[in-house]
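Enquirer: Enclosed is the structure file protein.csv (CSV, C-alpha atoms and all ligand atoms).
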```csv
chain,number,residue,atom,x,y,z
K,1,MET,CA,130.5,60.6,83.3
K,2,ALA,CA,127.3,59.7,85.2
K,3,SER,CA,124.6,58.2,83.0
K,4,ASN,CA,122.2,61.0,83.8
K,5,PRO,CA,123.6,64.5,84.3
K,6,ILE,CA,123.2,65.8,87.9
K,7,PHE,CA,121.5,69.2,88.2
K,8,ILE,CA,122.3,71.1,91.4
K,9,LEU,CA,120.8,74.3,92.8
K,10,ALA,CA,123.9,76.5,93.7
K,11,PRO,CA,124.4,77.8,97.2
K,12,MET,CA,123.5,81.5,97.4
K,13,ASP,CA,123.8,83.4,100.7
K,14,ASP,CA,120.5,85.0,101.8
K,15,VAL,CA,118.8,83.2,98.9
K,16,THR,CA,118.9,79.4,99.2
K,17,ASP,CA,117.7,79.2,102.8
K,18,THR,CA,115.3,76.5,103.9
K,19,VAL,CA,112.3,78.6,102.9
K,20,PHE,CA,113.4,79.1,99.3
K,21,ARG,CA,114.6,75.5,99.0
K,22,GLN,CA,111.1,74.4,100.1
K,23,ILE,CA,109.5,76.6,97.5
K,24,ILE,CA,111.7,75.2,94.8
K,25,ALA,CA,111.1,71.7,96.0
K,26,SER,CA,107.4,72.2,95.8
K,27,LEU,CA,107.7,73.6,92.2
K,28,SER,CA,110.3,71.4,90.6
K,29,PRO,CA,113.3,70.2,92.6
K,30,PRO,CA,116.9,69.9,91.4
K,31,ASP,CA,118.8,66.6,92.0
K,32,VAL,CA,120.7,68.2,94.8
K,33,PHE,CA,120.3,71.2,97.1
K,34,PHE,CA,123.0,73.1,99.0
K,35,THR,CA,122.7,75.2,102.1
K,36,GLU,CA,124.0,78.8,102.2
K,37,PHE,CA,127.7,78.9,103.2
K,38,VAL,CA,128.1,78.4,107.0
K,39,ASN,CA,131.1,79.7,108.9
K,40,VAL,CA,132.7,76.9,111.0
K,41,ASP,CA,134.6,79.3,113.2
K,42,GLY,CA,131.3,81.1,114.1
K,43,LEU,CA,129.5,77.8,114.6
K,44,GLN,CA,132.2,76.6,117.1
K,45,SER,CA,132.0,79.9,119.0
K,46,PRO,CA,129.7,81.6,121.5
K,47,GLY,CA,128.0,83.1,118.5
K,48,ARG,CA,126.8,79.6,117.4
K,49,GLU,CA,123.1,80.3,117.8
K,50,GLN,CA,123.3,83.0,115.1
K,51,VAL,CA,125.2,80.8,112.6
K,52,ILE,CA,123.4,77.5,113.1
K,53,LYS,CA,120.2,79.0,111.6
K,54,LYS,CA,121.8,78.6,108.2
K,55,LEU,CA,121.7,74.9,108.7
K,56,LYS,CA,118.0,74.7,109.4
K,57,HIS,CA,116.3,72.4,106.9
K,58,THR,CA,113.3,70.0,106.5
K,59,ASN,CA,113.2,66.6,104.8
K,60,LYS,CA,111.5,68.2,101.8
K,61,GLU,CA,114.9,69.7,100.6
K,62,LYS,CA,116.7,66.5,99.9
K,63,PRO,CA,119.4,65.5,99.1
K,64,LEU,CA,121.0,68.4,100.9
K,65,ILE,CA,124.7,69.3,101.1
K,66,ALA,CA,125.9,71.5,103.9
K,67,GLN,CA,128.5,74.1,102.6
K,68,ILE,CA,131.1,75.3,105.1
K,69,TRP,CA,133.9,77.8,105.1
K,70,GLY,CA,136.3,79.3,107.7
K,71,ARG,CA,139.9,79.4,108.8
K,72,LYS,CA,140.6,76.9,111.6
K,73,PRO,CA,141.1,73.3,110.7
K,74,ASP,CA,139.9,72.1,114.1
K,75,ASN,CA,136.6,73.8,113.6
K,76,TYR,CA,136.2,72.0,110.3
K,77,GLU,CA,136.7,68.7,112.0
K,78,LYS,CA,134.2,69.4,114.8
K,79,THR,CA,131.6,70.8,112.3
K,80,ALA,CA,132.0,67.9,109.8
K,81,ASN,CA,131.3,65.4,112.6
K,82,GLU,CA,128.2,67.4,113.7
K,83,LEU,CA,126.9,67.7,110.1
K,84,VAL,CA,126.8,63.9,109.8
K,85,ASP,CA,124.7,63.7,112.9
K,86,MET,CA,122.4,66.5,111.7
K,87,GLY,CA,121.4,64.3,108.7
K,88,PHE,CA,123.1,66.1,105.8
K,89,ASP,CA,123.8,64.2,102.7
K,90,GLY,CA,127.2,65.6,102.1
K,91,VAL,CA,129.7,68.3,103.1
K,92,ASP,CA,131.2,70.8,100.7
K,93,ILE,CA,134.0,73.3,101.4
K,94,ASN,CA,133.7,76.7,99.8
K,95,MET,CA,137.1,77.5,98.2
K,96,GLY,CA,135.7,79.9,95.6
K,97,CYS,CA,134.0,82.9,97.2
K,98,PRO,CA,135.9,86.0,96.1
K,99,VAL,CA,134.3,88.5,98.4
K,100,LYS,CA,136.9,90.6,100.2
K,101,THR,CA,135.3,90.3,103.7
K,102,VAL,CA,136.0,86.6,103.6
K,103,THR,CA,139.2,86.5,101.6
K,104,LYS,CA,141.0,89.1,103.8
K,105,ASN,CA,141.0,86.5,106.6
K,106,GLY,CA,142.5,83.9,104.3
K,107,CYS,CA,139.3,82.0,103.8
K,108,CYS,CA,137.4,80.6,100.7
K,109,SER,CA,139.1,81.6,97.4
K,110,ALA,CA,142.2,82.9,99.3
K,111,LEU,CA,143.0,79.2,100.0
K,112,ILE,CA,143.9,78.8,96.3
K,113,SER,CA,147.1,80.7,97.2
K,114,ASP,CA,147.6,78.9,100.5
K,115,ARG,CA,147.7,75.2,99.7
K,116,LYS,CA,149.3,74.3,103.0
K,117,LEU,CA,146.2,75.6,104.9
K,118,ALA,CA,143.9,74.2,102.2
K,119,LYS,CA,145.4,70.7,102.7
K,120,GLU,CA,145.1,71.0,106.5
K,121,ILE,CA,141.4,72.1,106.2
K,122,ILE,CA,140.7,69.2,103.8
K,123,ASP,CA,142.4,66.6,106.0
K,124,SER,CA,140.6,67.9,109.1
K,125,THR,CA,137.2,67.8,107.4
K,126,LYS,CA,137.8,64.3,106.3
K,127,LYS,CA,138.8,63.3,109.8
K,128,GLY,CA,135.5,64.7,111.1
K,129,LEU,CA,133.5,62.9,108.4
K,130,LYS,CA,135.2,59.5,108.6
K,131,GLY,CA,133.9,58.6,105.2
K,132,ARG,CA,130.3,58.5,106.4
K,133,ILE,CA,128.9,61.0,103.9
K,134,PRO,CA,130.3,62.4,100.6
K,135,PHE,CA,132.9,65.2,100.6
K,136,SER,CA,133.2,67.8,98.0
K,137,ILE,CA,134.7,71.2,97.2
K,138,LYS,CA,133.4,74.2,95.2
K,139,THR,CA,136.1,76.4,93.7
K,140,ARG,CA,137.2,78.7,90.8
K,141,LEU,CA,139.8,78.1,88.1
K,142,GLY,CA,142.5,80.1,89.8
K,143,GLN,CA,143.4,83.3,91.6
K,144,ASN,CA,144.5,85.8,88.9
K,145,GLU,CA,144.9,83.4,86.0
K,146,ILE,CA,143.5,80.0,85.1
K,147,ASP,CA,145.7,77.7,87.1
K,148,TYR,CA,145.3,74.0,86.4
K,149,SER,CA,147.9,73.2,89.2
K,150,TRP,CA,145.1,74.1,91.7
K,151,ILE,CA,142.7,71.7,90.0
K,152,GLU,CA,145.4,69.0,90.0
K,153,PHE,CA,146.0,69.7,93.7
K,154,LEU,CA,142.3,69.3,94.5
K,155,LEU,CA,142.0,66.1,92.5
K,156,HIS,CA,144.7,64.5,94.6
K,157,GLN,CA,142.5,65.0,97.7
K,158,GLY,CA,140.2,62.0,97.1
K,159,LEU,CA,137.1,64.2,96.6
K,160,ASP,CA,133.7,62.6,95.8
K,161,ARG,CA,132.8,65.8,93.8
K,162,LEU,CA,134.5,68.9,92.5
K,163,THR,CA,132.4,71.9,91.4
K,164,VAL,CA,134.2,74.4,89.2
K,165,HIS,CA,132.8,77.9,88.9
K,166,ALA,CA,134.6,78.5,85.6
K,167,ARG,CA,136.1,81.9,86.3
K,168,THR,CA,139.2,83.1,88.2
K,169,VAL,CA,138.8,84.9,91.5
K,170,LYS,CA,140.0,88.2,90.0
K,171,GLU,CA,137.3,88.0,87.3
K,172,MET,CA,134.5,87.9,90.0
K,173,SER,CA,131.4,87.6,87.8
K,174,LYS,CA,132.5,90.2,85.3
K,175,VAL,CA,133.4,88.0,82.3
K,176,PRO,CA,131.6,85.1,80.7
K,177,ALA,CA,132.4,81.8,82.4
K,178,HIS,CA,135.3,79.8,80.7
K,179,TRP,CA,133.3,76.7,79.9
K,180,ASP,CA,136.1,75.6,77.5
K,181,ALA,CA,138.5,75.2,80.5
K,182,MET,CA,136.4,72.1,81.4
K,183,THR,CA,138.2,70.0,78.7
K,184,GLU,CA,141.4,70.2,80.7
K,185,VAL,CA,139.7,69.8,84.1
K,186,VAL,CA,138.0,66.6,82.9
K,187,ARG,CA,141.3,65.4,81.3
K,188,LEU,CA,143.0,65.9,84.7
K,189,ARG,CA,140.1,64.2,86.5
K,190,ASP,CA,140.4,61.1,84.2
K,191,LYS,CA,144.1,60.9,84.8
K,192,ILE,CA,144.3,61.7,88.6
K,193,SER,CA,141.0,60.8,90.2
K,194,PRO,CA,138.5,59.0,87.8
K,195,LYS,CA,135.9,58.6,90.6
K,196,THR,CA,135.6,62.3,91.3
K,197,GLN,CA,132.5,63.8,89.8
K,198,ILE,CA,133.0,67.1,87.9
K,199,ILE,CA,130.3,69.7,88.0
K,200,LEU,CA,130.4,72.9,85.9
K,201,ASN,CA,129.0,76.1,87.3
K,202,GLY,CA,128.7,79.6,85.8
K,203,ASP,CA,126.2,81.3,83.5
K,204,ILE,CA,124.0,78.2,82.9
K,205,THR,CA,120.4,79.1,82.6
K,206,SER,CA,118.5,76.0,81.5
K,207,ILE,CA,118.3,72.2,81.7
K,208,LYS,CA,118.7,72.0,77.9
K,209,GLN,CA,121.9,74.1,78.0
K,210,GLY,CA,123.2,72.2,81.0
K,211,SER,CA,122.6,68.8,79.3
K,212,GLU,CA,124.4,70.0,76.1
K,213,LEU,CA,127.4,71.3,78.2
K,214,THR,CA,127.5,68.0,80.1
K,215,LYS,CA,127.6,66.1,76.9
K,216,LYS,CA,130.1,68.4,75.2
K,217,TYR,CA,132.6,68.3,78.1
K,218,ASN,CA,131.9,64.8,79.4
K,219,LEU,CA,130.9,66.3,82.8
K,220,ASP,CA,128.9,64.6,85.6
K,221,GLY,CA,126.5,67.6,85.8
K,222,VAL,CA,126.0,71.3,86.3
K,223,MET,CA,125.2,73.7,89.1
K,224,ILE,CA,122.8,76.6,88.5
K,225,GLY,CA,122.6,79.7,90.6
K,226,ARG,CA,121.3,83.0,89.3
K,227,GLY,CA,119.3,81.2,86.5
K,228,ILE,CA,116.7,80.4,89.2
K,229,PHE,CA,115.8,84.1,89.5
K,230,ARG,CA,114.6,84.1,85.9
K,231,ASP,CA,112.7,80.8,86.2
K,232,PRO,CA,111.9,79.2,89.5
K,233,LEU,CA,110.7,76.2,87.6
K,234,LEU,CA,113.9,75.9,85.8
K,235,PHE,CA,114.6,72.3,87.0
K,236,SER,CA,111.4,71.1,85.3
K,237,GLY,CA,113.2,71.5,82.0
K,238,ASN,CA,110.0,72.9,80.4
K,239,ASP,CA,109.0,76.5,80.0
K,240,SER,CA,106.0,76.4,82.4
K,241,TRP,CA,107.0,79.5,84.3
K,242,LYS,CA,106.1,81.5,81.1
K,243,SER,CA,102.5,80.4,81.4
K,244,PHE,CA,102.2,81.5,85.1
K,245,THR,CA,99.6,84.3,85.4
K,246,LYS,CA,100.1,87.4,87.5
K,247,GLU,CA,97.8,85.9,90.2
K,248,GLN,CA,99.8,82.7,90.3
K,249,LYS,CA,103.0,84.5,90.7
K,250,ILE,CA,101.7,86.8,93.4
K,251,ASN,CA,100.2,83.8,95.3
K,252,LEU,CA,103.5,82.1,95.2
K,253,PHE,CA,105.2,85.1,96.6
K,254,ILE,CA,102.6,85.3,99.4
K,255,LYS,CA,103.3,81.6,100.2
K,256,HIS,CA,107.0,82.4,100.3
K,257,ILE,CA,106.6,85.3,102.6
K,258,LYS,CA,104.2,83.5,105.0
K,259,LEU,CA,106.7,80.5,105.2
K,260,TYR,CA,109.6,83.0,105.7
K,261,GLU,CA,107.8,84.7,108.5
K,262,LYS,CA,106.8,81.4,110.2
K,263,THR,CA,110.4,80.1,109.8
K,264,TRP,CA,112.5,83.2,110.6
K,265,GLY,CA,110.2,85.8,112.3
K,266,ASP,CA,112.4,88.7,113.4
K,267,SER,CA,115.6,86.7,113.2
K,268,ARG,CA,116.1,87.5,109.6
K,269,LYS,CA,115.4,90.9,108.0
K,270,VAL,CA,112.3,91.4,106.0
K,271,HIS,CA,114.4,93.3,103.4
K,272,VAL,CA,116.1,90.0,102.5
K,273,LEU,CA,112.8,89.2,100.7
K,274,ASN,CA,113.5,92.1,98.3
K,275,LYS,CA,115.7,89.8,96.3
K,276,PHE,CA,112.7,87.6,95.6
K,277,CYS,CA,110.5,90.4,94.2
K,278,LYS,CA,112.4,90.1,91.0
K,279,ILE,CA,111.4,86.5,90.7
K,280,TYR,CA,107.7,86.7,91.3
K,281,ILE,CA,106.8,90.3,90.4
K,282,GLU,CA,107.8,90.3,86.7
K,283,GLY,CA,106.3,89.7,83.3
K,284,PHE,CA,103.0,91.7,83.8
K,285,ASN,CA,101.9,95.3,83.4
K,286,GLY,CA,103.0,97.6,86.2
K,287,ALA,CA,105.4,94.9,87.6
K,288,LYS,CA,108.4,97.4,87.9
K,289,GLU,CA,106.4,100.0,89.8
K,290,PHE,CA,104.8,97.3,92.0
K,291,ARG,CA,108.3,95.9,92.8
K,292,GLU,CA,109.4,99.3,94.0
K,293,GLN,CA,106.4,99.6,96.3
K,294,LEU,CA,107.0,96.1,97.7
K,295,MET,CA,110.7,96.7,98.3
K,296,ALA,CA,109.9,99.8,100.4
K,297,ALA,CA,107.7,97.8,102.7
K,298,GLU,CA,109.0,97.6,106.3
K,299,SER,CA,107.2,94.6,107.7
K,300,TYR,CA,105.6,91.3,106.7
K,301,ASP,CA,102.1,92.7,107.2
K,302,ALA,CA,102.8,95.7,104.9
K,303,LEU,CA,104.2,93.3,102.2
K,304,LEU,CA,101.2,90.9,102.5
K,305,ASN,CA,98.7,93.8,102.5
K,306,LEU,CA,100.1,95.2,99.3
K,307,LEU,CA,100.1,91.8,97.6
K,308,ASP,CA,96.6,90.9,98.8
K,309,LYS,CA,95.3,94.3,97.6
K,310,SER,CA,96.8,93.7,94.1
K,311,LEU,CA,94.9,90.4,93.9
K,312,ILE,CA,91.5,92.1,94.3
K,313,GLN,CA,92.2,95.1,92.1
K,401,LIG,C1,123.5,86.2,96.0
K,401,LIG,C2,124.5,85.2,95.8
K,401,LIG,C3,125.0,84.5,96.9
K,401,LIG,C4,126.0,83.5,96.8
K,401,LIG,N1,126.4,82.8,97.9
K,401,LIG,C5,127.3,81.7,97.7
K,401,LIG,C6,127.6,80.8,98.7
K,401,LIG,O1,127.1,81.0,99.9
K,401,LIG,N2,128.4,79.8,98.5
K,401,LIG,C7,129.0,79.6,97.2
K,401,LIG,O2,129.7,78.6,97.0
K,401,LIG,N3,128.7,80.4,96.2
K,401,LIG,C8,127.8,81.5,96.4
K,401,LIG,N4,127.5,82.2,95.3
K,401,LIG,C9,128.0,81.9,94.0
K,401,LIG,C10,127.0,80.9,93.2
K,401,LIG,O3,126.9,79.7,93.9
K,401,LIG,C11,127.6,80.6,91.8
K,401,LIG,O4,128.8,80.1,91.9
K,401,LIG,C12,127.6,81.9,91.0
K,401,LIG,O5,126.5,82.7,91.1
K,401,LIG,C13,127.8,81.5,89.5
K,401,LIG,O6,126.8,80.6,89.0
K,401,LIG,P1,125.5,81.1,88.2
K,401,LIG,O7,126.1,81.9,87.0
K,401,LIG,O8,124.8,79.9,87.9
K,401,LIG,O9,124.8,82.1,89.1
K,401,LIG,C14,126.5,83.2,95.5
K,401,LIG,C15,126.0,84.0,94.4
K,401,LIG,C16,125.1,84.9,94.5
K,401,LIG,C17,124.5,85.6,93.3
```
Re-express the file's structure as structure tokens.
Ligand SMILES: Cc1cc2nc3c(=O)[nH]c(=O)nc-3n(C[C@H](O)[C@H](O)[C@H](O)COP(=O)(O)O)c2cc1C

Expert:
Amino acid sequence: MASNPIFILAPMDDVTDTVFRQIIASLSPPDVFFTEFVNVDGLQSPGREQVIKKLKHTNKEKPLIAQIWGRKPDNYEKTANELVDMGFDGVDINMGCPVKTVTKNGCCSALISDRKLAKEIIDSTKKGLKGRIPFSIKTRLGQNEIDYSWIEFLLHQGLDRLTVHARTVKEMSKVPAHWDAMTEVVRLRDKISPKTQIILNGDITSIKQGSELTKKYNLDGVMIGRGIFRDPLLFSGNDSWKSFTKEQKINLFIKHIKLYEKTWGDSRKVHVLNKFCKIYIEGFNGAKEFREQLMAAESYDALLNLLDKSLIQ
């Protein structure tokens, strides 16, 4: 186990873009950031310009791991090589996403049931990286059942880090994460690949809880996703978000929207910002009604006008 637990902000599509990562970095950064998942087949196609946006970053979001997914081993190799040149601090393969639109093409969590292709993808990625930056995988405990043979398989691949979202694919996010399964995962790590860091993911909502779990299961750290929606200052380890005033929260949302508009303009939809209403517009009188108004706004100007007006009321 690492001497200090590692706290990672989970990759979340349409959430952890460069803008949100910069906001979190300015409040209280995690030890490691991830990009949203980036499709290697799209990146190595004429549609590249559309996909490469997800790799946009600044040096404020560091260290930053690029997360990739896709089908074709060759595209993993090419992409891995490019990611080193782009200055990423590591490459992670998504072998856990359960969403049908990706698994129907044999990608992400579907690889749990196709170890031949999983191995080809891993080998190609390593070929592209040539050991220049760390290599990791994020996965689930199994397809329909907890399947430690999958974890064993991964631990034989010489990974620097393995993140386990402690649910099966079938369970989606519908049951509590099986934290107890980490006892066996760590036992296998110690036996097969002692140098691979083991990170637990699923249902963790605070630094305190993450530290306790790390100690209990002898982990190297934890990854936190949805917890950030309830407390954007989560990685500070104190409860400072609770003392934020309505004005402070609204001003933070304004900062987020302005940076989002400057970064993405019309290339990402304004409605993607709706997800963030829940973070900033909560915990004060009339928050629910105000959120509904904001979520109906059709443009950056409309959103900013509503927020500005609420500050002078
Ligand atoms: C909106 C959303 C988008 C997500 N996108 C990704 C992704 O791009 N890559 C990935 O590995 N996991 C993705 N996930 C899964 C999370 O990284 C994480 O594994 C899951 O939310 C469980 O952790 P939590 O309980 O801390 O949220 C996403 C989850 C959410 C809610």

Enquirer: Could you give me the residues within 9 Å of ligand LIG 401 (chain K), counting only C-alpha atoms and all ligand atoms, as a VMD selection string?

Expert: chain K and resid 9 to 16 34 to 38 67 to 69 92 to 97 108 137 to 140 163 to 167 173 176 to 177 201 to 205 222 to 228 275

Enquirer: Using all atoms listed in the file, determine which residues lie at most 12 Å from K:Phe276, disregarding the query and same-chain residues fewer than 2 positions distant; provide the list as a ChimeraX atom specification.

Expert: /K:14-16,19-20,23,226,228-232,249-250,252-254,256-257,260,270-274,278-282,291,294-295

Enquirer: Please indicate the distance in Å from atom CA of K:Arg115 to atom CA of K:Pro73, rounded to one decimal place.

Expert: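 About the pair atom CA of K:Arg115 and atom CA of K:Pro73: they are 13.0 Å apart.
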
Enquirer: Pick the closest to K:Lys100 from K:Asp239, K:Gln248, K:Leu311, K:Lys170: which is it, counting all atoms listed in the file?

Expert: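 Smallest separation from K:Lys100 among the options: K:Lys170.
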
Enquirer: Quick one: of K:Tyr217, K:Phe88, K:Tyr148, K:Trp264, who's nearest to K:Thr18, counting only C-alpha atoms?

Expert: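 Of the candidates, the smallest distance to K:Thr18 is held by K:Trp264.
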
Enquirer: Which residues, written as a list in words, have at least one atom at most 12 Å from K:Gly131, with only C-alpha atoms counted and residues fewer than 4 positions away on the same chain left out?

Expert: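 Within the cut-off, the hits are Ala80, Asn81, Val84, Asp89, Gly90, Val91, Asp123, Thr125, Lys126, Lys127, Phe135, Ser136, Gly158, Leu159 and Asp160 of chain K.
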
Enquirer: Please, which residues are within 12 Å of (140.2, 77.1, 78.5) by the file's coordinates, counting only C-alpha atoms, and could they come as an MDAnalysis selection string?

Expert: chainID K and resid 141:142 145:148 166:168 176:186 217

Enquirer: Which residue, K:Lys258, K:Phe284, K:Pro5, K:Ser243, has the smallest gap to K:Thr214 when you use only C-alpha atoms?

Expert: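 Residue with the minimum atom-to-atom distance to K:Thr214: K:Pro5.
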
Enquirer: Using atom CA of K:Gln197 and atom CA of K:Asp220 as the two end points, give the distance in Å to one decimal.

Expert: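 Distance between the two atoms: 5.6 Å.
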
Enquirer: Please measure the separation of atom CA of K:Ser26 and atom CA of K:Lys60, giving the value in Å to one decimal.

Expert: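 Atom-to-atom, atom CA of K:Ser26 to atom CA of K:Lys60, that is 8.3 Å.
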
Enquirer: Which residues, protein or nucleic acid, reach to within 10 Å of (142.2, 82.5, 98.8) in the file's coordinates when using all atoms listed in the file, and can you give that as JSON, numbers by chain?

Expert: {"K": [95, 96, 97, 98, 99, 100, 102, 103, 104, 105, 106, 107, 108, 109, 110, 111, 112, 113, 114, 115, 118, 142, 143, 169]}

Enquirer: Based on the selection just made, write C-alpha atoms of those residues as a tab-separated table (two decimals), in the coordinates of the input.

Expert:
```tsv
chain	number	residue	atom	x	y	z
K	95	MET	CA	137.10	77.50	98.20
K	96	GLY	CA	135.70	79.90	95.60
K	97	CYS	CA	134.00	82.90	97.20
K	98	PRO	CA	135.90	86.00	96.10
K	99	VAL	CA	134.30	88.50	98.40
K	100	LYS	CA	136.90	90.60	100.20
K	102	VAL	CA	136.00	86.60	103.60
K	103	THR	CA	139.20	86.50	101.60
K	104	LYS	CA	141.00	89.10	103.80
K	105	ASN	CA	141.00	86.50	106.60
K	106	GLY	CA	142.50	83.90	104.30
K	107	CYS	CA	139.30	82.00	103.80
K	108	CYS	CA	137.40	80.60	100.70
K	109	SER	CA	139.10	81.60	97.40
K	110	ALA	CA	142.20	82.90	99.30
K	111	LEU	CA	143.00	79.20	100.00
K	112	ILE	CA	143.90	78.80	96.30
K	113	SER	CA	147.10	80.70	97.20
K	114	ASP	CA	147.60	78.90	100.50
K	115	ARG	CA	147.70	75.20	99.70
K	118	ALA	CA	143.90	74.20	102.20
K	142	GLY	CA	142.50	80.10	89.80
K	143	GLN	CA	143.40	83.30	91.60
K	169	VAL	CA	138.80	84.90	91.50
```

Enquirer: Pick out the residues sitting within 8 Å of stretch 39-48 of chain K, and hand them over as a list in words; count only C-alpha atoms, and ignore anything fewer than 3 positions along from it in its own chain.

Expert: Val51, Ile52, Ile68, Trp69, Gly70, Arg71, Lys72, Asn75, Tyr76, Lys78 and Thr79 of chain K
